[in-house]
$ cat target-v6.cif   # mmCIF, C-alpha atoms and all ligand atoms
data_my_file
#
loop_
_atom_site.label_atom_id
_atom_site.label_comp_id
_atom_site.auth_asym_id
_atom_site.auth_seq_id
_atom_site.Cartn_x
_atom_site.Cartn_y
_atom_site.Cartn_z
CA MET A 1 32.34 -1.31 -47.10
CA LEU A 2 31.36 -4.57 -45.43
CA GLY A 3 30.35 -2.66 -42.31
CA PHE A 4 28.22 -0.30 -44.42
CA SER A 5 26.42 -3.11 -46.25
CA LEU A 6 25.80 -4.95 -42.95
CA SER A 7 24.33 -1.90 -41.33
CA LYS A 8 22.24 -1.30 -44.43
CA ARG A 9 20.88 -4.81 -44.13
CA ALA A 10 20.23 -4.27 -40.45
CA TRP A 11 18.34 -1.08 -41.23
CA LEU A 12 16.31 -2.90 -43.84
CA ARG A 13 15.42 -5.50 -41.23
CA VAL A 14 14.38 -2.85 -38.75
CA LEU A 15 12.34 -1.17 -41.45
CA GLY A 16 10.72 -4.48 -42.36
CA LEU A 17 9.88 -5.10 -38.72
CA LEU A 18 8.39 -1.64 -38.35
CA VAL A 19 6.28 -2.06 -41.49
CA ALA A 20 5.10 -5.48 -40.27
CA ALA A 21 4.28 -4.05 -36.83
CA ALA A 22 2.40 -1.12 -38.37
CA ALA A 23 0.48 -3.43 -40.71
CA TYR A 24 -0.38 -5.67 -37.75
CA LEU A 25 -1.65 -2.76 -35.70
CA LEU A 26 -3.53 -1.09 -38.51
CA GLN A 27 -5.21 -4.22 -39.80
CA ALA A 28 -8.60 -2.87 -38.89
CA HIS A 29 -11.25 -4.76 -40.73
CA ARG A 30 -14.16 -2.48 -41.27
CA SER A 31 -16.93 -4.71 -42.35
CA LEU A 32 -18.06 -8.29 -42.06
CA SER A 33 -15.86 -10.93 -43.66
CA SER A 34 -17.12 -12.58 -46.84
CA ARG A 35 -17.80 -15.72 -44.80
CA ALA A 36 -19.74 -13.92 -42.06
CA VAL A 37 -21.82 -12.03 -44.62
CA SER A 38 -23.40 -15.35 -45.56
CA TYR A 39 -24.84 -15.91 -42.08
CA VAL A 40 -24.92 -12.57 -40.21
CA LYS A 41 -28.07 -11.67 -42.05
CA PRO A 42 -31.48 -10.13 -41.45
CA GLY A 43 -33.94 -12.83 -40.46
CA HIS A 44 -31.33 -15.23 -39.14
CA TRP A 45 -31.03 -15.67 -35.38
CA ALA A 46 -28.16 -15.08 -32.98
CA VAL A 47 -27.94 -16.40 -29.44
CA VAL A 48 -26.11 -14.30 -26.85
CA LEU A 49 -25.28 -16.23 -23.70
CA GLY A 50 -24.89 -13.63 -20.98
CA GLY A 51 -26.44 -10.91 -23.11
CA SER A 52 -28.15 -8.61 -20.66
CA GLU A 53 -25.31 -6.42 -19.50
CA GLY A 54 -21.90 -5.04 -20.45
CA LEU A 55 -20.24 -6.69 -23.42
CA GLY A 56 -23.08 -9.17 -23.91
CA GLU A 57 -25.60 -6.38 -24.10
CA ALA A 58 -23.43 -4.63 -26.69
CA TRP A 59 -23.38 -7.85 -28.71
CA ALA A 60 -27.16 -8.03 -28.57
CA TYR A 61 -27.50 -4.41 -29.73
CA GLN A 62 -24.95 -4.78 -32.48
CA LEU A 63 -26.44 -7.98 -33.90
CA GLY A 64 -29.92 -6.51 -33.48
CA HIS A 65 -28.84 -3.50 -35.45
CA LEU A 66 -27.84 -5.86 -38.24
CA ASP A 67 -31.45 -7.16 -38.12
CA MET A 68 -30.68 -10.52 -36.60
CA ASN A 69 -33.40 -11.96 -34.38
CA LEU A 70 -32.10 -12.65 -30.92
CA ILE A 71 -32.14 -15.22 -28.17
CA VAL A 72 -30.73 -13.55 -25.07
CA VAL A 73 -29.80 -15.59 -22.00
CA ALA A 74 -28.93 -14.43 -18.48
CA ARG A 75 -30.05 -15.02 -14.91
CA ARG A 76 -31.78 -11.79 -13.97
CA GLU A 77 -35.11 -10.93 -15.52
CA LYS A 78 -35.10 -7.14 -15.32
CA PRO A 79 -31.88 -6.51 -17.28
CA LEU A 80 -33.06 -9.04 -19.88
CA GLU A 81 -36.38 -7.23 -20.25
CA ASP A 82 -34.53 -3.90 -20.51
CA VAL A 83 -32.45 -5.19 -23.41
CA ARG A 84 -35.55 -6.33 -25.28
CA LYS A 85 -37.25 -3.01 -24.60
CA THR A 86 -34.26 -1.01 -25.84
CA ILE A 87 -34.03 -3.09 -29.00
CA HIS A 88 -37.74 -2.84 -29.69
CA GLU A 89 -37.60 0.93 -29.37
CA LYS A 90 -35.38 0.88 -32.45
CA LYS A 91 -36.51 -2.30 -34.18
CA PRO A 92 -40.06 -3.17 -33.19
CA ASP A 93 -40.30 -6.07 -35.65
CA LEU A 94 -37.23 -7.91 -34.44
CA LYS A 95 -37.88 -11.11 -32.53
CA VAL A 96 -36.15 -11.08 -29.15
CA GLU A 97 -36.59 -14.22 -27.05
CA LEU A 98 -35.42 -14.13 -23.44
CA TYR A 99 -34.28 -17.09 -21.35
CA LYS A 100 -33.57 -16.91 -17.65
CA ARG A 101 -30.87 -19.54 -17.17
CA ASP A 102 -27.75 -20.07 -15.09
CA LEU A 103 -24.99 -21.03 -17.50
CA ALA A 104 -23.18 -22.79 -14.67
CA ARG A 105 -25.84 -25.46 -15.13
CA LEU A 106 -26.04 -25.45 -18.89
CA ASN A 107 -26.30 -28.81 -20.53
CA GLU A 108 -26.31 -29.65 -24.21
CA SER A 109 -29.86 -30.90 -24.46
CA SER A 110 -31.48 -27.92 -22.75
CA PHE A 111 -29.43 -25.56 -24.89
CA SER A 112 -30.33 -27.40 -28.09
CA GLU A 113 -34.01 -27.09 -27.14
CA MET A 114 -33.56 -23.35 -26.84
CA LEU A 115 -32.35 -23.18 -30.43
CA GLU A 116 -34.95 -25.52 -31.93
CA GLY A 117 -37.21 -24.28 -34.70
CA ARG A 118 -35.13 -21.19 -35.39
CA ASP A 119 -32.43 -20.55 -37.95
CA VAL A 120 -29.72 -19.70 -35.41
CA ARG A 121 -26.41 -18.93 -37.13
CA VAL A 122 -24.37 -17.01 -34.58
CA MET A 123 -23.56 -17.88 -31.00
CA ILE A 124 -21.85 -15.47 -28.65
CA TYR A 125 -20.67 -16.97 -25.36
CA ASN A 126 -20.14 -13.85 -23.32
CA ALA A 127 -20.86 -14.68 -19.69
CA ALA A 128 -18.03 -15.41 -17.32
CA TYR A 129 -17.56 -15.75 -13.62
CA ALA A 130 -14.19 -14.49 -12.43
CA GLY A 131 -14.55 -15.95 -8.96
CA THR A 132 -13.57 -14.14 -5.83
CA ALA A 133 -10.32 -12.41 -6.64
CA GLY A 134 -7.45 -12.92 -4.26
CA ARG A 135 -4.90 -15.47 -3.22
CA PHE A 136 -5.60 -18.94 -4.63
CA LEU A 137 -5.10 -20.76 -1.34
CA GLU A 138 -7.29 -18.38 0.60
CA ALA A 139 -10.27 -18.81 -1.67
CA ASP A 140 -12.98 -21.41 -1.44
CA ALA A 141 -12.43 -24.26 -3.90
CA GLY A 142 -16.15 -24.25 -4.69
CA ASP A 143 -15.72 -20.75 -6.00
CA PHE A 144 -13.10 -21.90 -8.53
CA LEU A 145 -15.35 -24.71 -9.61
CA SER A 146 -18.20 -22.27 -10.21
CA SER A 147 -15.90 -20.30 -12.44
CA ILE A 148 -14.97 -23.47 -14.34
CA ASP A 149 -18.67 -24.34 -14.67
CA VAL A 150 -19.50 -21.05 -16.40
CA ASN A 151 -16.25 -20.34 -18.24
CA VAL A 152 -15.22 -23.84 -19.31
CA LYS A 153 -18.00 -26.41 -19.02
CA GLY A 154 -20.69 -23.99 -20.23
CA VAL A 155 -18.52 -22.89 -23.15
CA ALA A 156 -17.72 -26.48 -24.14
CA ALA A 157 -21.36 -27.63 -23.90
CA ALA A 158 -22.81 -24.64 -25.79
CA THR A 159 -20.15 -24.68 -28.52
CA HIS A 160 -20.54 -28.42 -29.06
CA ALA A 161 -24.35 -28.29 -29.17
CA PHE A 162 -24.42 -25.26 -31.46
CA GLY A 163 -21.71 -26.56 -33.82
CA LYS A 164 -23.49 -29.90 -34.09
CA GLN A 165 -26.76 -28.23 -35.03
CA LEU A 166 -25.10 -26.19 -37.76
CA LYS A 167 -23.26 -29.20 -39.09
CA ALA A 168 -26.40 -31.36 -39.11
CA ARG A 169 -28.26 -28.67 -41.03
CA GLY A 170 -25.31 -28.14 -43.38
CA VAL A 171 -25.44 -24.36 -43.04
CA PRO A 172 -22.66 -21.84 -42.35
CA GLY A 173 -22.46 -20.05 -39.02
CA GLY A 174 -20.11 -18.66 -36.42
CA VAL A 175 -19.22 -18.81 -32.75
CA VAL A 176 -17.61 -15.98 -30.80
CA LEU A 177 -16.15 -16.89 -27.42
CA MET A 178 -15.35 -13.97 -25.15
CA SER A 179 -11.85 -14.36 -23.82
CA SER A 180 -9.38 -12.11 -22.06
CA MET A 181 -5.83 -10.78 -22.28
CA VAL A 182 -5.17 -12.33 -18.90
CA GLY A 183 -5.66 -15.76 -20.48
CA GLU A 184 -2.62 -15.13 -22.67
CA ILE A 185 -0.22 -14.53 -19.81
CA GLY A 186 -1.64 -15.67 -16.48
CA SER A 187 -1.74 -13.52 -13.40
CA ALA A 188 -1.49 -13.82 -9.66
CA PHE A 189 -4.73 -13.18 -7.74
CA VAL A 190 -6.89 -14.20 -10.71
CA ALA A 191 -4.96 -17.37 -11.56
CA ASN A 192 -8.00 -19.62 -11.96
CA TYR A 193 -9.98 -17.09 -14.00
CA ALA A 194 -6.96 -16.55 -16.27
CA ALA A 195 -6.66 -20.30 -16.77
CA THR A 196 -10.32 -20.55 -17.83
CA LYS A 197 -9.75 -17.81 -20.39
CA ALA A 198 -6.68 -19.64 -21.74
CA TYR A 199 -9.00 -22.60 -22.35
CA ILE A 200 -11.43 -20.42 -24.29
CA THR A 201 -8.81 -18.91 -26.60
CA THR A 202 -7.18 -22.26 -27.24
CA LEU A 203 -10.54 -23.87 -27.96
CA ALA A 204 -11.45 -21.21 -30.53
CA GLU A 205 -8.06 -21.50 -32.22
CA GLY A 206 -8.42 -25.24 -32.66
CA LEU A 207 -12.01 -25.04 -33.85
CA TYR A 208 -11.23 -22.27 -36.33
CA ASP A 209 -8.94 -24.65 -38.16
CA GLU A 210 -11.07 -27.78 -37.68
CA TRP A 211 -14.30 -26.13 -38.83
CA TRP A 212 -13.03 -23.98 -41.68
CA SER A 213 -13.73 -26.42 -44.50
CA GLN A 214 -17.26 -26.98 -43.18
CA GLY A 215 -18.15 -23.30 -43.42
CA LEU A 216 -18.20 -22.82 -39.65
CA ASP A 217 -16.22 -20.08 -37.93
CA ALA A 218 -14.85 -19.80 -34.41
CA LEU A 219 -13.30 -16.68 -32.94
CA ALA A 220 -11.85 -15.88 -29.54
CA CYS A 221 -12.51 -12.23 -28.76
CA VAL A 222 -9.54 -11.39 -26.54
CA ALA A 223 -10.66 -8.30 -24.68
CA GLY A 224 -8.59 -6.11 -22.43
CA ALA A 225 -9.99 -3.78 -19.78
CA THR A 226 -13.48 -2.86 -20.94
CA ILE A 227 -15.87 -0.57 -19.14
CA THR A 228 -18.72 -2.79 -18.02
CA PRO A 229 -20.58 -3.02 -14.70
CA THR A 230 -18.67 -6.19 -13.80
CA TYR A 231 -15.32 -4.60 -14.60
CA LEU A 232 -16.08 -1.47 -12.61
CA SER A 233 -17.37 -3.41 -9.65
CA SER A 234 -14.06 -5.24 -9.28
CA PHE A 235 -12.13 -2.09 -8.41
CA SER A 236 -10.96 -1.58 -4.87
CA VAL A 237 -10.92 2.21 -5.11
CA PRO A 238 -14.35 3.56 -4.18
CA TRP A 239 -14.52 6.27 -6.82
CA ARG A 240 -14.29 3.65 -9.57
CA ARG A 241 -16.27 1.02 -7.81
CA VAL A 242 -19.57 1.33 -9.56
CA ALA A 243 -21.39 -1.70 -8.31
CA ALA A 244 -23.36 -3.95 -10.58
CA LEU A 245 -26.97 -4.73 -9.89
CA PRO A 246 -27.39 -7.34 -7.15
CA ARG A 247 -26.51 -10.78 -8.49
CA PRO A 248 -27.83 -14.20 -7.76
CA THR A 249 -25.59 -16.77 -6.17
CA ALA A 250 -23.39 -18.69 -8.59
CA GLY A 251 -24.32 -22.10 -9.89
CA ALA A 252 -23.40 -25.68 -9.20
CA GLY A 253 -20.09 -25.06 -7.45
CA GLY A 254 -21.88 -22.91 -4.91
CA GLY A 255 -19.40 -20.05 -4.42
CA ALA A 256 -20.75 -16.60 -3.73
CA GLN A 257 -21.00 -14.08 -6.54
CA ARG A 258 -19.81 -10.52 -6.22
CA ALA A 259 -21.40 -8.92 -3.16
CA PRO A 260 -24.58 -7.02 -3.96
CA ALA A 261 -24.08 -3.30 -3.69
CA ALA A 262 -25.89 -0.10 -4.48
CA GLU A 263 -28.03 -0.36 -7.56
CA VAL A 264 -26.78 1.57 -10.53
CA LYS A 265 -29.30 2.78 -13.03
CA MET A 266 -28.05 2.48 -16.56
CA ASP A 267 -28.93 5.44 -18.70
CA VAL A 268 -31.04 4.07 -21.54
CA ASP A 269 -30.64 7.21 -23.62
CA LYS A 270 -26.92 6.92 -23.38
CA LYS A 271 -27.13 3.27 -24.40
CA LEU A 272 -29.24 4.08 -27.42
CA ARG A 273 -26.92 6.85 -28.48
CA THR A 274 -23.91 4.60 -28.12
CA TRP A 275 -25.62 1.84 -30.04
CA LEU A 276 -26.60 4.16 -32.81
CA LEU A 277 -23.14 5.66 -33.04
CA ALA A 278 -21.46 2.28 -33.13
CA SER A 279 -23.85 1.00 -35.75
CA LEU A 280 -23.52 4.09 -37.88
CA ARG A 281 -19.77 3.79 -37.85
CA MET A 282 -20.02 0.15 -38.74
CA GLU A 283 -22.33 0.96 -41.62
CA GLN A 284 -20.10 3.69 -42.91
CA GLY A 285 -17.20 1.32 -42.83
CA LEU A 286 -15.39 3.37 -40.24
CA ARG A 287 -13.65 1.83 -37.36
CA THR A 288 -15.58 2.24 -34.15
CA GLY A 289 -13.60 4.78 -32.23
CA LEU A 290 -13.89 6.42 -28.89
CA LEU A 291 -17.61 6.42 -28.29
CA ASP A 292 -17.94 7.86 -24.87
CA THR A 293 -14.93 9.25 -23.11
CA GLY A 294 -16.99 9.91 -19.99
CA ALA A 295 -16.55 6.51 -18.39
CA ARG A 296 -12.99 5.95 -19.48
CA VAL A 297 -10.25 7.03 -17.11
CA SER A 298 -7.30 5.11 -18.41
CA TRP A 299 -5.79 5.04 -21.86
CA ILE A 300 -6.01 1.30 -21.90
CA GLU A 301 -9.75 0.94 -21.33
CA GLN A 302 -12.21 0.29 -24.11
CA GLU A 303 -15.94 0.73 -24.50
CA PRO A 304 -17.97 -2.46 -25.07
CA PHE A 305 -18.92 -1.38 -28.60
CA GLU A 306 -15.32 -0.95 -29.66
CA VAL A 307 -14.60 -4.51 -28.59
CA VAL A 308 -17.74 -5.94 -30.16
CA SER A 309 -17.38 -4.25 -33.54
CA GLU A 310 -13.74 -5.23 -33.88
CA CYS A 311 -14.53 -8.85 -33.02
CA LEU A 312 -17.53 -9.00 -35.31
CA ALA A 313 -15.45 -7.68 -38.17
CA ASN A 314 -12.88 -10.42 -37.53
CA LEU A 315 -15.34 -13.31 -37.47
CA GLY A 316 -14.42 -15.61 -40.35
CA ARG A 317 -11.04 -13.96 -40.83
CA THR A 318 -8.99 -15.25 -37.94
CA SER A 319 -9.14 -17.47 -34.86
CA ALA A 320 -8.43 -14.89 -32.16
CA VAL A 321 -8.31 -11.14 -32.00
CA ALA A 322 -6.92 -8.94 -29.26
CA THR A 323 -9.01 -5.80 -29.41
CA GLY A 324 -7.55 -2.31 -29.76
CA ALA A 325 -4.10 -1.26 -30.91
CA LEU A 326 -2.75 -0.89 -27.37
CA ASN A 327 -3.79 -4.37 -26.32
CA LYS A 328 -2.13 -5.73 -29.45
CA VAL A 329 1.13 -3.98 -28.57
CA ILE A 330 0.92 -5.18 -24.97
CA LEU A 331 0.33 -8.74 -26.10
CA LEU A 332 3.21 -8.56 -28.53
CA ILE A 333 5.58 -7.33 -25.83
CA PHE A 334 4.32 -9.59 -23.06
CA THR A 335 4.04 -12.82 -25.02
CA ARG A 336 6.90 -12.46 -27.53
CA LEU A 337 9.54 -10.17 -26.08
CA LEU A 338 9.53 -10.41 -22.30
CA PRO A 339 10.47 -13.57 -20.43
CA ARG A 340 7.29 -15.34 -19.36
CA THR A 341 7.92 -14.95 -15.62
CA VAL A 342 8.56 -11.22 -15.94
CA ALA A 343 5.37 -10.76 -17.98
CA THR A 344 3.35 -12.66 -15.38
CA GLN A 345 4.87 -10.64 -12.54
CA ILE A 346 3.90 -7.36 -14.19
CA PHE A 347 0.36 -8.59 -14.80
CA GLY A 348 0.14 -9.79 -11.19
CA HIS A 349 1.34 -6.43 -9.91
CA GLN A 350 -1.27 -4.56 -11.94
CA THR A 351 -3.99 -6.96 -10.78
CA SER A 352 -3.03 -6.52 -7.13
CA LYS A 353 -3.14 -2.74 -7.53
CA MET A 354 -6.58 -2.88 -9.13
CA LEU A 355 -7.98 -5.23 -6.51
CA GLY A 356 -6.27 -3.51 -3.61
CA ILE A 357 -4.34 -6.61 -2.53
CA ALA A 358 -1.25 -5.78 -0.48
N1 LIG B 401 -15.02 -6.19 -18.81
C1 LIG B 401 -13.73 -6.45 -18.99
O1 LIG B 401 -12.85 -5.65 -18.66
C2 LIG B 401 -13.32 -7.74 -19.67
C3 LIG B 401 -11.97 -7.90 -20.00
C4 LIG B 401 -11.58 -9.07 -20.63
C5 LIG B 401 -12.51 -10.04 -20.93
N2 LIG B 401 -13.81 -9.86 -20.58
C6 LIG B 401 -14.76 -10.95 -20.88
O2 LIG B 401 -15.89 -10.43 -21.56
C7 LIG B 401 -17.06 -11.12 -21.15
C8 LIG B 401 -18.10 -10.15 -20.63
O3 LIG B 401 -17.62 -9.45 -19.53
P1 LIG B 401 -18.50 -8.33 -18.80
O4 LIG B 401 -17.53 -7.44 -18.10
O5 LIG B 401 -19.45 -7.72 -19.74
O6 LIG B 401 -19.31 -9.06 -17.64
P2 LIG B 401 -19.79 -10.53 -17.26
O7 LIG B 401 -20.15 -10.43 -15.83
O8 LIG B 401 -18.81 -11.54 -17.65
O9 LIG B 401 -21.08 -10.74 -18.15
C9 LIG B 401 -22.26 -10.13 -17.84
C10 LIG B 401 -23.43 -10.82 -18.54
O10 LIG B 401 -23.38 -12.25 -18.37
C11 LIG B 401 -24.52 -12.69 -17.61
N3 LIG B 401 -24.09 -13.79 -16.75
C12 LIG B 401 -23.08 -13.81 -15.87
N4 LIG B 401 -22.99 -15.00 -15.26
C13 LIG B 401 -23.99 -15.75 -15.78
C14 LIG B 401 -24.45 -17.08 -15.55
N5 LIG B 401 -23.86 -17.87 -14.63
N6 LIG B 401 -25.49 -17.54 -16.26
C15 LIG B 401 -26.11 -16.76 -17.17
N7 LIG B 401 -25.72 -15.50 -17.43
C16 LIG B 401 -24.69 -15.00 -16.73
C17 LIG B 401 -24.96 -11.44 -16.85
O11 LIG B 401 -26.33 -11.44 -16.51
P3 LIG B 401 -26.83 -12.04 -15.09
O12 LIG B 401 -25.88 -11.55 -14.04
O13 LIG B 401 -28.22 -11.52 -14.95
O14 LIG B 401 -26.83 -13.51 -15.25
C18 LIG B 401 -24.70 -10.37 -17.92
O15 LIG B 401 -25.70 -10.40 -18.91
C19 LIG B 401 -16.60 -12.14 -20.12
O16 LIG B 401 -16.40 -13.38 -20.75
C20 LIG B 401 -15.28 -11.60 -19.61
O17 LIG B 401 -14.42 -12.60 -19.13
C21 LIG B 401 -14.24 -8.73 -19.95
#
$ encode --input "target-v6.cif" --output "structure tokens"
Amino acid sequence: MLGFSLSKRAWLRVLGLLVAAAAYLLQAHRSLSSRAVSYVKPGHWAVVLGGSEGLGEAWAYQLGHLDMNLIVVARREKPLEDVRKTIHEKKPDLKVELYKRDLARLNESSFSEMLEGRDVRVMIYNAAYAGTAGRFLEADAGDFLSSIDVNVKGVAAATHAFGKQLKARGVPGGVVLMSSMVGEIGSAFVANYAATKAYITTLAEGLYDEWWSQGLDALACVAGATITPTYLSSFSVPWRRVAALPRPTAGAGGGAQRAPAAEVKMDVDKKLRTWLLASLRMEQGLRTGLLDTGARVSWIEQEPFEVVSECLANLGRTSAVATGALNKVILLIFTRLLPRTVATQIFGHQTSKMLGIA
């Protein structure tokens, strides 16, 4: 009898765990939070730092679709112009201001000047520099410092300047900091990059709590593998190595950026279609699903718009969101169930395979 009641209790526990896990995985928010609705609004401005390509470009399109005017920052002129052109094809009246800047050299005063005179309510810090992947001791220290300039110093300066402006004006607003799964666990061969992403997630978590009562939101968007030019260009296998457009040299620290390679023309029609689809799904309250299976070769990869719409829907609801059900499961297993060293070893192994490091 005792054995029966114990096993019944155990079953109830298992059931409870399963229900909790299912609820966790299915907690797909489909629209803006009640807090974000007050500032993600037509006529307000959003600034996307690193907004000309990949995830940043998707942020610009998504916020543009919601009729926010945009300040888009990146280093290369042509991709910036392309983003404005694409947006104006759909929304000719939207204001889209472009700034050619290296975020490795961002300082608070120059950033504050960029925002002046506009009602900027949303800041997306998207840009990152992963540094040259490989063994820590074989890399140039300047390269790590460049990564810290863009991923840590730039994030701190921009978030501080933007938060201060909102606070001084006494208006609500939100900050999204693009982070990464690798920041949750750490990984060999990208150890420094992973550490910068840990900073970003931790910063957003602290600010979420600190800012809440002032009507300001902070969110770490913890992305997993997402199909962007930068992601594809990091592959060692040639058939996946779609190179990004040639890049300028990195900022203050002086390390070299990814080697320039063959130019890849982005298909504007495809972009527009993807944008429209994502926006439609957002409007209809549906979760943004698989938008374009063409580029995806692995079950774990996501499209930029999936990541962006899930993060946008979580702004004002939580401090950090790992995007996609699979990434949530992976995070649960790797950060809660597996011993830390085992989790790191598995991540390191996967990274070495991707980068072709023996
Ligand atoms: N893609 C993934 O699989 C993945 C996974 C996890 C997390 N993330 C995170 O998501 C974010 C976006 O990643 P992504 O793959 O789209 O590529 P990314 O290379 O991090 O970002 C590309 C955008 O940032 C701009 N940018 C890069 N460095 C810059 C700098 N120093 N100053 C100004 N702008 C700069 C680029 O334009 P210019 O080159 O013209 O400046 C471009 O607009 C990053 O924070 C990354 O860590 C990505």
$ residues_near_ligand --input "target-v6.cif" --ligand "ligand LIG 401 (chain B)" --cutoff "8 Å" --atoms "only C-alpha atoms and all ligand atoms" --output "PyMOL selection string"
chain A and resi 49-57+73-77+79-80+100-105+125-130+150-151+177-182+197+222-232+247-248+250-251+301+304
$ axis_aligned_box --input "target-v6.cif" --around "stretch 79-83 of chain A" --padding-each-side "6 Å" --output "AutoDock Vina command-line options"
--center_x -34.1 --center_y -6.5 --center_z -20.3 --size_x 16.5 --size_y 17.1 --size_z 18.1
$ residues_around --input "target-v6.cif" --residues "A:Val190" --least-positions-apart "5" --cutoff "12 Å" --atoms "only C-alpha atoms" --output "number ranges by chain"
A: 129-137, 139, 143-144, 147, 180, 182-183, 185, 195-197, 234, 344, 347-352, 354-355, 357
$ write_last_selection --input "target-v6.cif" --atoms "C-alpha atoms" --output "short mmCIF file (atom, residue, chain, number, x, y, z; two decimals), keeping the file's coordinate frame"
data_model
loop_
_atom_site.label_atom_id
_atom_site.label_comp_id
_atom_site.auth_asym_id
_atom_site.auth_seq_id
_atom_site.Cartn_x
_atom_site.Cartn_y
_atom_site.Cartn_z
CA TYR A 129 -17.56 -15.75 -13.62
CA ALA A 130 -14.19 -14.49 -12.43
CA GLY A 131 -14.55 -15.95 -8.96
CA THR A 132 -13.57 -14.14 -5.83
CA ALA A 133 -10.32 -12.41 -6.64
CA GLY A 134 -7.45 -12.92 -4.26
CA ARG A 135 -4.90 -15.47 -3.22
CA PHE A 136 -5.60 -18.94 -4.63
CA LEU A 137 -5.10 -20.76 -1.34
CA ALA A 139 -10.27 -18.81 -1.67
CA ASP A 143 -15.72 -20.75 -6.00
CA PHE A 144 -13.10 -21.90 -8.53
CA SER A 147 -15.90 -20.30 -12.44
CA SER A 180 -9.38 -12.11 -22.06
CA VAL A 182 -5.17 -12.33 -18.90
CA GLY A 183 -5.66 -15.76 -20.48
CA ILE A 185 -0.22 -14.53 -19.81
CA ALA A 195 -6.66 -20.30 -16.77
CA THR A 196 -10.32 -20.55 -17.83
CA LYS A 197 -9.75 -17.81 -20.39
CA SER A 234 -14.06 -5.24 -9.28
CA THR A 344 3.35 -12.66 -15.38
CA PHE A 347 0.36 -8.59 -14.80
CA GLY A 348 0.14 -9.79 -11.19
CA HIS A 349 1.34 -6.43 -9.91
CA GLN A 350 -1.27 -4.56 -11.94
CA THR A 351 -3.99 -6.96 -10.78
CA SER A 352 -3.03 -6.52 -7.13
CA MET A 354 -6.58 -2.88 -9.13
CA LEU A 355 -7.98 -5.23 -6.51
CA ILE A 357 -4.34 -6.61 -2.53
#
$ atom_distance --input "target-v6.cif" --atom1 "atom CA of A:Phe334" --atom2 "atom CA of A:Ala21"
14.8 Å
$ atom_distance --input "target-v6.cif" --atom1 "atom CA of A:Ala58" --atom2 "atom CA of A:Leu145"
27.6 Å
$ atom_distance --input "target-v6.cif" --atom1 "atom CA of A:Val307" --atom2 "atom CA of A:Gly43"
24.2 Å
$ residues_around --input "target-v6.cif" --residues "A:Asn327" --least-positions-apart "3" --cutoff "8 Å" --atoms "all atoms listed in the file" --output "list in words"
Met181, Gly224, Ile300, Ala322, Thr323, Gly324, Ile330 and Leu331 of chain A
$ closest_residue --input "target-v6.cif" --among "A:Ala320, A:Ala325, A:Met114, A:Val40" --to "A:Gly206" --atoms "all atoms listed in the file"
A:Ala320
$ residues_near_point --input "target-v6.cif" --point "(-13.8, -29.0, -27.2)" --cutoff "8 Å" --atoms "all atoms listed in the file" --output "list in words"
Ala156, Thr159, His160, Leu203 and Leu207 of chain A
$ residues_around --input "target-v6.cif" --residues "A:Leu32" --least-positions-apart "6" --cutoff "9 Å" --atoms "only C-alpha atoms" --output "VMD selection string"
chain A and resid 40 312 to 316
$ residues_around --input "target-v6.cif" --residues "A:Glu108" --least-positions-apart "5" --cutoff "8 Å" --atoms "all atoms listed in the file" --output "VMD selection string"
chain A and resid 157 to 158 160 to 161
$ closest_residue --input "target-v6.cif" --among "A:Ala194, A:Val176, A:Met68, A:Ile346" --to "A:Tyr208" --atoms "all atoms listed in the file"
A:Val176
$ closest_residue --input "target-v6.cif" --among "A:Ala204, A:Leu115, A:Ala220, A:Ala198" --to "A:Ile148" --atoms "all atoms listed in the file"
A:Ala198
